[in-house]
file work39.cif (mmCIF, C-alpha atoms)
data_protein
loop_
_atom_site.label_atom_id
_atom_site.label_comp_id
_atom_site.auth_asym_id
_atom_site.auth_seq_id
_atom_site.Cartn_x
_atom_site.Cartn_y
_atom_site.Cartn_z
CA MET A 848 227.76 25.64 22.91
CA ALA A 849 226.21 22.81 20.96
CA THR A 850 228.58 20.40 22.63
CA MET A 851 227.44 21.46 26.13
CA LYS A 852 223.72 20.99 25.20
CA LEU A 853 224.44 17.47 23.94
CA ARG A 854 226.28 16.58 27.12
CA THR A 855 223.49 17.98 29.28
CA LYS A 856 220.87 16.03 27.29
CA SER A 857 222.93 12.85 27.47
CA SER A 858 223.28 13.14 31.24
CA LYS A 859 219.51 13.66 31.66
CA THR A 860 218.82 10.65 29.48
CA ALA A 861 221.23 8.55 31.52
CA ARG A 862 219.59 9.60 34.79
CA SER A 863 216.13 8.84 33.44
CA SER A 864 217.24 5.39 32.29
CA GLN A 865 218.78 4.70 35.70
CA GLN A 866 215.57 5.74 37.52
CA VAL A 867 213.46 3.51 35.27
CA ALA A 868 215.82 0.60 35.91
CA GLU A 869 215.65 1.16 39.69
CA ARG A 870 211.84 1.24 39.62
CA THR A 871 211.71 -1.92 37.53
CA ALA A 872 214.07 -3.72 39.88
CA HIS A 873 212.02 -2.60 42.89
CA VAL A 874 208.75 -3.87 41.38
CA GLY A 875 210.22 -7.25 40.39
CA ALA A 876 211.96 -7.87 43.70
CA PRO A 877 210.23 -10.39 45.97
CA SER A 878 208.39 -8.97 48.95
CA PRO A 879 209.92 -9.73 52.33
CA ALA A 880 208.58 -12.90 53.88
CA GLN A 881 205.83 -12.32 56.39
CA PRO A 882 206.18 -14.04 59.74
CA ALA A 883 204.22 -17.26 59.93
CA ARG A 884 201.11 -17.14 62.10
CA SER A 885 200.53 -19.78 64.67
CA ASP A 886 196.85 -20.17 63.82
CA ARG A 887 194.72 -19.50 60.80
CA THR A 888 192.39 -16.53 60.65
CA ASP A 889 189.45 -15.72 58.48
CA ASP A 890 188.92 -12.54 56.43
CA ALA A 891 187.69 -10.63 59.49
CA GLY A 892 190.83 -11.45 61.44
CA ARG A 893 189.12 -13.91 63.78
CA ALA A 894 190.76 -17.18 64.64
CA ALA A 895 189.42 -19.88 62.39
CA VAL A 896 187.55 -22.74 64.04
CA PRO A 897 189.61 -25.93 63.83
CA ALA A 898 188.20 -28.77 61.78
CA ARG A 899 185.95 -31.09 63.76
CA LEU A 900 187.38 -34.38 64.71
CA GLY A 901 185.43 -37.56 64.10
CA ARG A 902 182.19 -37.64 66.01
CA PRO A 903 182.06 -40.00 68.97
CA ALA A 904 180.37 -43.29 68.23
CA ASN A 905 176.70 -43.51 69.14
CA ARG A 906 176.51 -45.76 72.16
CA ARG A 907 172.73 -45.84 72.47
CA GLY A 908 172.68 -49.00 70.36
CA SER A 909 175.33 -50.84 72.34
CA PRO A 910 174.24 -53.97 74.29
CA GLU A 911 175.15 -52.26 77.59
CA ALA A 912 172.99 -49.21 76.83
CA ILE A 913 170.05 -51.35 75.70
CA GLU A 914 170.26 -53.50 78.83
CA LYS A 915 170.40 -50.40 81.05
CA ARG A 916 167.23 -49.01 79.47
CA ARG A 917 165.42 -52.33 79.84
CA VAL A 918 166.39 -52.75 83.49
CA ALA A 919 165.50 -49.13 84.19
CA ARG A 920 161.99 -49.62 82.78
CA VAL A 921 161.43 -52.80 84.80
CA PHE A 922 162.80 -51.16 87.95
CA ASN A 923 160.54 -48.14 87.54
CA ASP A 924 157.54 -50.37 86.82
CA ILE A 925 158.09 -52.48 89.93
CA LEU A 926 158.63 -49.60 92.33
CA GLY A 927 155.86 -47.61 90.66
CA GLY A 928 153.32 -50.37 91.26
CA ARG A 929 153.24 -51.49 87.64
CA GLY A 930 155.48 -54.52 87.89
CA ALA A 931 154.85 -58.25 87.87
CA SER A 932 152.48 -58.00 90.81
CA SER A 933 149.99 -55.83 88.92
CA HIS A 934 150.84 -57.17 85.44
CA LYS A 935 150.80 -53.66 84.04
CA LEU A 936 153.49 -52.16 81.82
CA ASP A 937 153.81 -48.78 80.21
CA GLY A 938 152.55 -48.53 76.64
CA ARG A 939 155.93 -48.76 74.98
CA THR A 940 157.04 -51.78 77.02
CA GLU A 941 153.71 -53.52 76.54
CA LYS A 942 154.00 -53.17 72.76
CA ARG A 943 157.50 -54.61 72.88
CA ARG A 944 156.30 -57.52 75.04
CA GLN A 945 153.56 -58.34 72.53
CA ARG A 946 155.98 -58.10 69.61
CA LEU A 947 158.47 -60.46 71.29
CA LEU A 948 155.72 -63.02 71.91
CA LYS A 949 154.56 -62.78 68.29
CA GLU A 950 158.11 -63.24 67.00
CA LEU A 951 158.62 -66.32 69.16
CA GLU A 952 155.31 -67.73 68.00
CA ALA A 953 156.06 -67.10 64.32
CA GLY A 954 159.74 -67.99 64.61
CA LYS A 955 160.62 -64.87 62.64
CA ALA A 956 161.92 -61.40 63.49
CA ARG A 957 159.87 -58.50 62.10
CA GLY A 958 157.94 -61.06 60.09
CA SER A 959 160.74 -61.83 57.63
CA ARG A 960 164.02 -63.03 59.14
CA GLU A 961 164.18 -66.51 60.63
CA LEU A 962 164.98 -66.48 64.33
CA LYS A 963 168.35 -68.00 65.14
CA PRO A 964 168.92 -69.90 68.40
CA LEU A 965 170.59 -66.85 69.98
CA ASP A 966 167.61 -64.70 68.94
CA VAL A 967 165.30 -67.09 70.78
CA LEU A 968 167.44 -66.95 73.92
CA GLN A 969 167.51 -63.16 73.92
CA ARG A 970 163.76 -62.82 73.45
CA VAL A 971 162.87 -65.34 76.14
CA GLN A 972 165.33 -63.70 78.54
CA GLU A 973 163.88 -60.25 77.90
CA LEU A 974 160.31 -61.46 78.37
CA MET A 975 161.25 -63.02 81.69
CA ASP A 976 162.93 -59.77 82.72
CA LEU A 977 159.66 -57.98 81.92
CA GLY A 978 157.85 -60.31 84.30
CA GLU A 979 156.29 -62.60 81.70
CA PRO A 980 155.48 -66.01 83.21
CA LEU A 981 157.47 -68.90 81.81
CA SER A 982 154.25 -70.83 81.17
CA SER A 983 152.89 -68.17 78.82
CA ILE A 984 156.18 -68.11 76.91
CA ARG A 985 156.01 -71.89 76.49
CA LYS A 986 152.49 -71.62 75.04
CA VAL A 987 153.63 -69.53 72.07
CA THR A 988 157.17 -70.83 71.58
CA LYS A 989 158.02 -74.05 69.83
CA ILE A 990 160.72 -75.80 71.82
CA ARG A 991 163.59 -76.66 69.51
CA LYS A 992 165.38 -79.96 69.64
CA SER A 993 169.14 -80.10 69.44
CA ALA A 994 170.77 -82.88 67.43
CA VAL A 995 174.25 -81.95 68.65
CA ALA A 996 175.98 -84.30 71.06
CA PRO A 997 176.21 -82.84 74.60
CA GLU A 998 180.01 -83.12 74.74
CA ALA A 999 180.29 -81.12 71.51
CA ILE A 1000 178.34 -78.13 72.82
CA VAL A 1001 179.36 -77.89 76.49
CA GLY A 1002 182.32 -75.61 75.79
CA VAL A 1003 180.25 -73.29 73.59
CA VAL A 1004 177.48 -73.02 76.17
CA GLU A 1005 180.05 -72.22 78.86
CA ARG A 1006 181.48 -69.36 76.78
CA LEU A 1007 178.00 -68.16 75.83
CA HIS A 1008 176.90 -68.04 79.45
CA ARG A 1009 179.98 -66.04 80.46
CA ALA A 1010 179.18 -63.52 77.73
CA TYR A 1011 175.37 -63.22 78.15
CA SER A 1012 174.49 -64.65 81.60
CA PHE A 1013 171.17 -66.10 80.42
CA ARG A 1014 168.88 -67.69 82.97
CA PRO A 1015 169.10 -71.50 83.03
CA GLU A 1016 165.43 -71.82 82.00
CA VAL A 1017 166.10 -69.90 78.79
CA TYR A 1018 168.46 -72.52 77.33
CA ARG A 1019 165.76 -75.17 77.28
CA PHE A 1020 163.90 -73.29 74.53
CA VAL A 1021 166.71 -74.18 72.11
CA GLY A 1022 167.00 -77.82 73.19
CA ILE A 1023 169.88 -77.52 75.67
CA GLY A 1024 169.17 -79.88 78.55
CA GLU A 1025 170.14 -80.01 82.18
CA GLU A 1026 173.12 -82.29 81.55
CA VAL A 1027 174.80 -79.75 79.30
CA LEU A 1028 173.95 -76.89 81.63
CA ARG A 1029 175.46 -78.74 84.57
CA GLU A 1030 178.64 -79.60 82.68
CA ALA A 1031 178.96 -76.01 81.42
CA GLY A 1032 178.63 -74.65 84.94
CA VAL A 1033 175.42 -72.76 84.21
CA LEU A 1034 173.41 -74.35 87.02
CA SER A 1035 176.17 -74.00 89.59
CA ALA A 1036 176.66 -70.36 88.57
CA ALA A 1037 172.94 -69.69 88.97
CA ARG A 1038 172.90 -71.31 92.40
CA ALA A 1039 175.97 -69.34 93.44
CA ALA A 1040 174.33 -66.12 92.30
CA ARG A 1041 171.16 -66.87 94.26
CA THR A 1042 173.13 -67.84 97.36
CA GLY A 1043 175.28 -64.74 97.13
CA GLY A 1044 172.21 -62.55 96.76
CA LYS A 1045 170.56 -64.07 99.84
CA ARG A 1046 173.76 -63.60 101.87
CA ARG A 1047 174.01 -59.96 100.84
CA ALA A 1048 170.35 -59.41 101.73
CA ARG A 1049 170.82 -60.97 105.20
CA ALA A 1050 173.98 -58.91 105.77
CA LYS A 1051 172.09 -55.70 105.01
CA ILE A 1052 169.35 -56.67 107.46
#

call {"tool": "encode", "arguments": {"input": "work39.cif", "output": "C-alpha cells"}}
result
Amino acid sequence: MATMKLRTKSSKTARSSQQVAERTAHVGAPSPAQPARSDRTDDAGRAAVPARLGRPANRRGSPEAIEKRRVARVFNDILGGRGASSHKLDGRTEKRRQRLLKELEAGKARGSRELKPLDVLQRVQELMDLGEPLSSIRKVTKIRKSAVAPEAIVGVVERLHRAYSFRPEVYRFVGIGEEVLREAGVLSAARAARTGGKRRARAKI
C-alpha cells in the first residue's frame, strides 16, 4: 500500500514538473513576427505624416523677381496716370527713388558700404526705369574716370551687357566711353532693339 502511494505521488510530481517546464518554454519563446506595415502609424492608428522635404527656395529675392516687381510698378504708374508725364510715383517707389539718388550722391550704399561700379550702373538704370531724367542723375552723381585701356575692358563690357542689358547711357557714369561701347556691341545692340521695336509697332498698326 505504501508503495502505491509513493508511485502515485511521484507521478503527480513528474506531471507538475512537466507542466511548469512547458509554461516556462512558452513564456520564453519568441513571439511570431508581425507582418511589416507599408506605412507608419501613430498611437491612434492614423497614418503618420511623412517628414517634410526641404522647403523650396524663396525666389522673391531673385534678380528676375525684383525686376518684375519694378517693371510692374512703372507699368501701373504710367497707365494709371502717375508715370513720367505727371512725375508722380506711389509712396514706396518715391522713397526708393530718393534713396537711390542719395546713395549715388554719397557714393555709399545704406550710408556705409562703398558703391562699386556695378552698383552705380544698377542704380542709374533703375532710376531711368522709374522715369528719372538723366540730367538730374548727373547732378548728384560723380562721373568716375576709368584708367583701364579700352582694349582691356571691351570683352568684359560685352559679357556684362549680355548679362544685364544696361542702357548705353548708364555705362558713362563709370567712365566707359563710346569707343568701348561700340567695340563691345552695346551701341549696335541698342540700335537694333530700337529698330526692332519700331518695326513691331508698325506691324501691329

call {"tool": "residues_around", "arguments": {"input": "work39.cif", "residues": "Gln945 (chain A)", "least_positions_apart": "6", "cutoff": "12 Å", "atoms": "only C-alpha atoms", "output": "list of chain:residue names"}}
result
A:Leu936, A:Gly938, A:Arg939, A:Leu951, A:Glu952, A:Arg970, A:Glu973, A:Leu974, A:Leu977, A:Glu979, A:Ser983, A:Ile984, A:Val987

call {"tool": "atom_distance", "arguments": {"input": "work39.cif", "atom1": "CA of Leu968 (chain A)", "atom2": "CA of Leu947 (chain A)"}}
result
11.4 Å

call {"tool": "atom_distance", "arguments": {"input": "work39.cif", "atom1": "CA of Thr940 (chain A)", "atom2": "CA of Glu911 (chain A)"}}
result
18.1 Å

call {"tool": "resolve_selection", "arguments": {"input": "work39.cif", "expression": "the PyMOL selection byres ((chain A and resi 1031) around 12)", "output": "ChimeraX atom specification"}}
result
/A:997-1009,1015,1018,1023-1030,1032-1037

call {"tool": "atom_distance", "arguments": {"input": "work39.cif", "atom1": "CA of Phe1013 (chain A)", "atom2": "CA of Val971 (chain A)"}}
result
9.4 Å
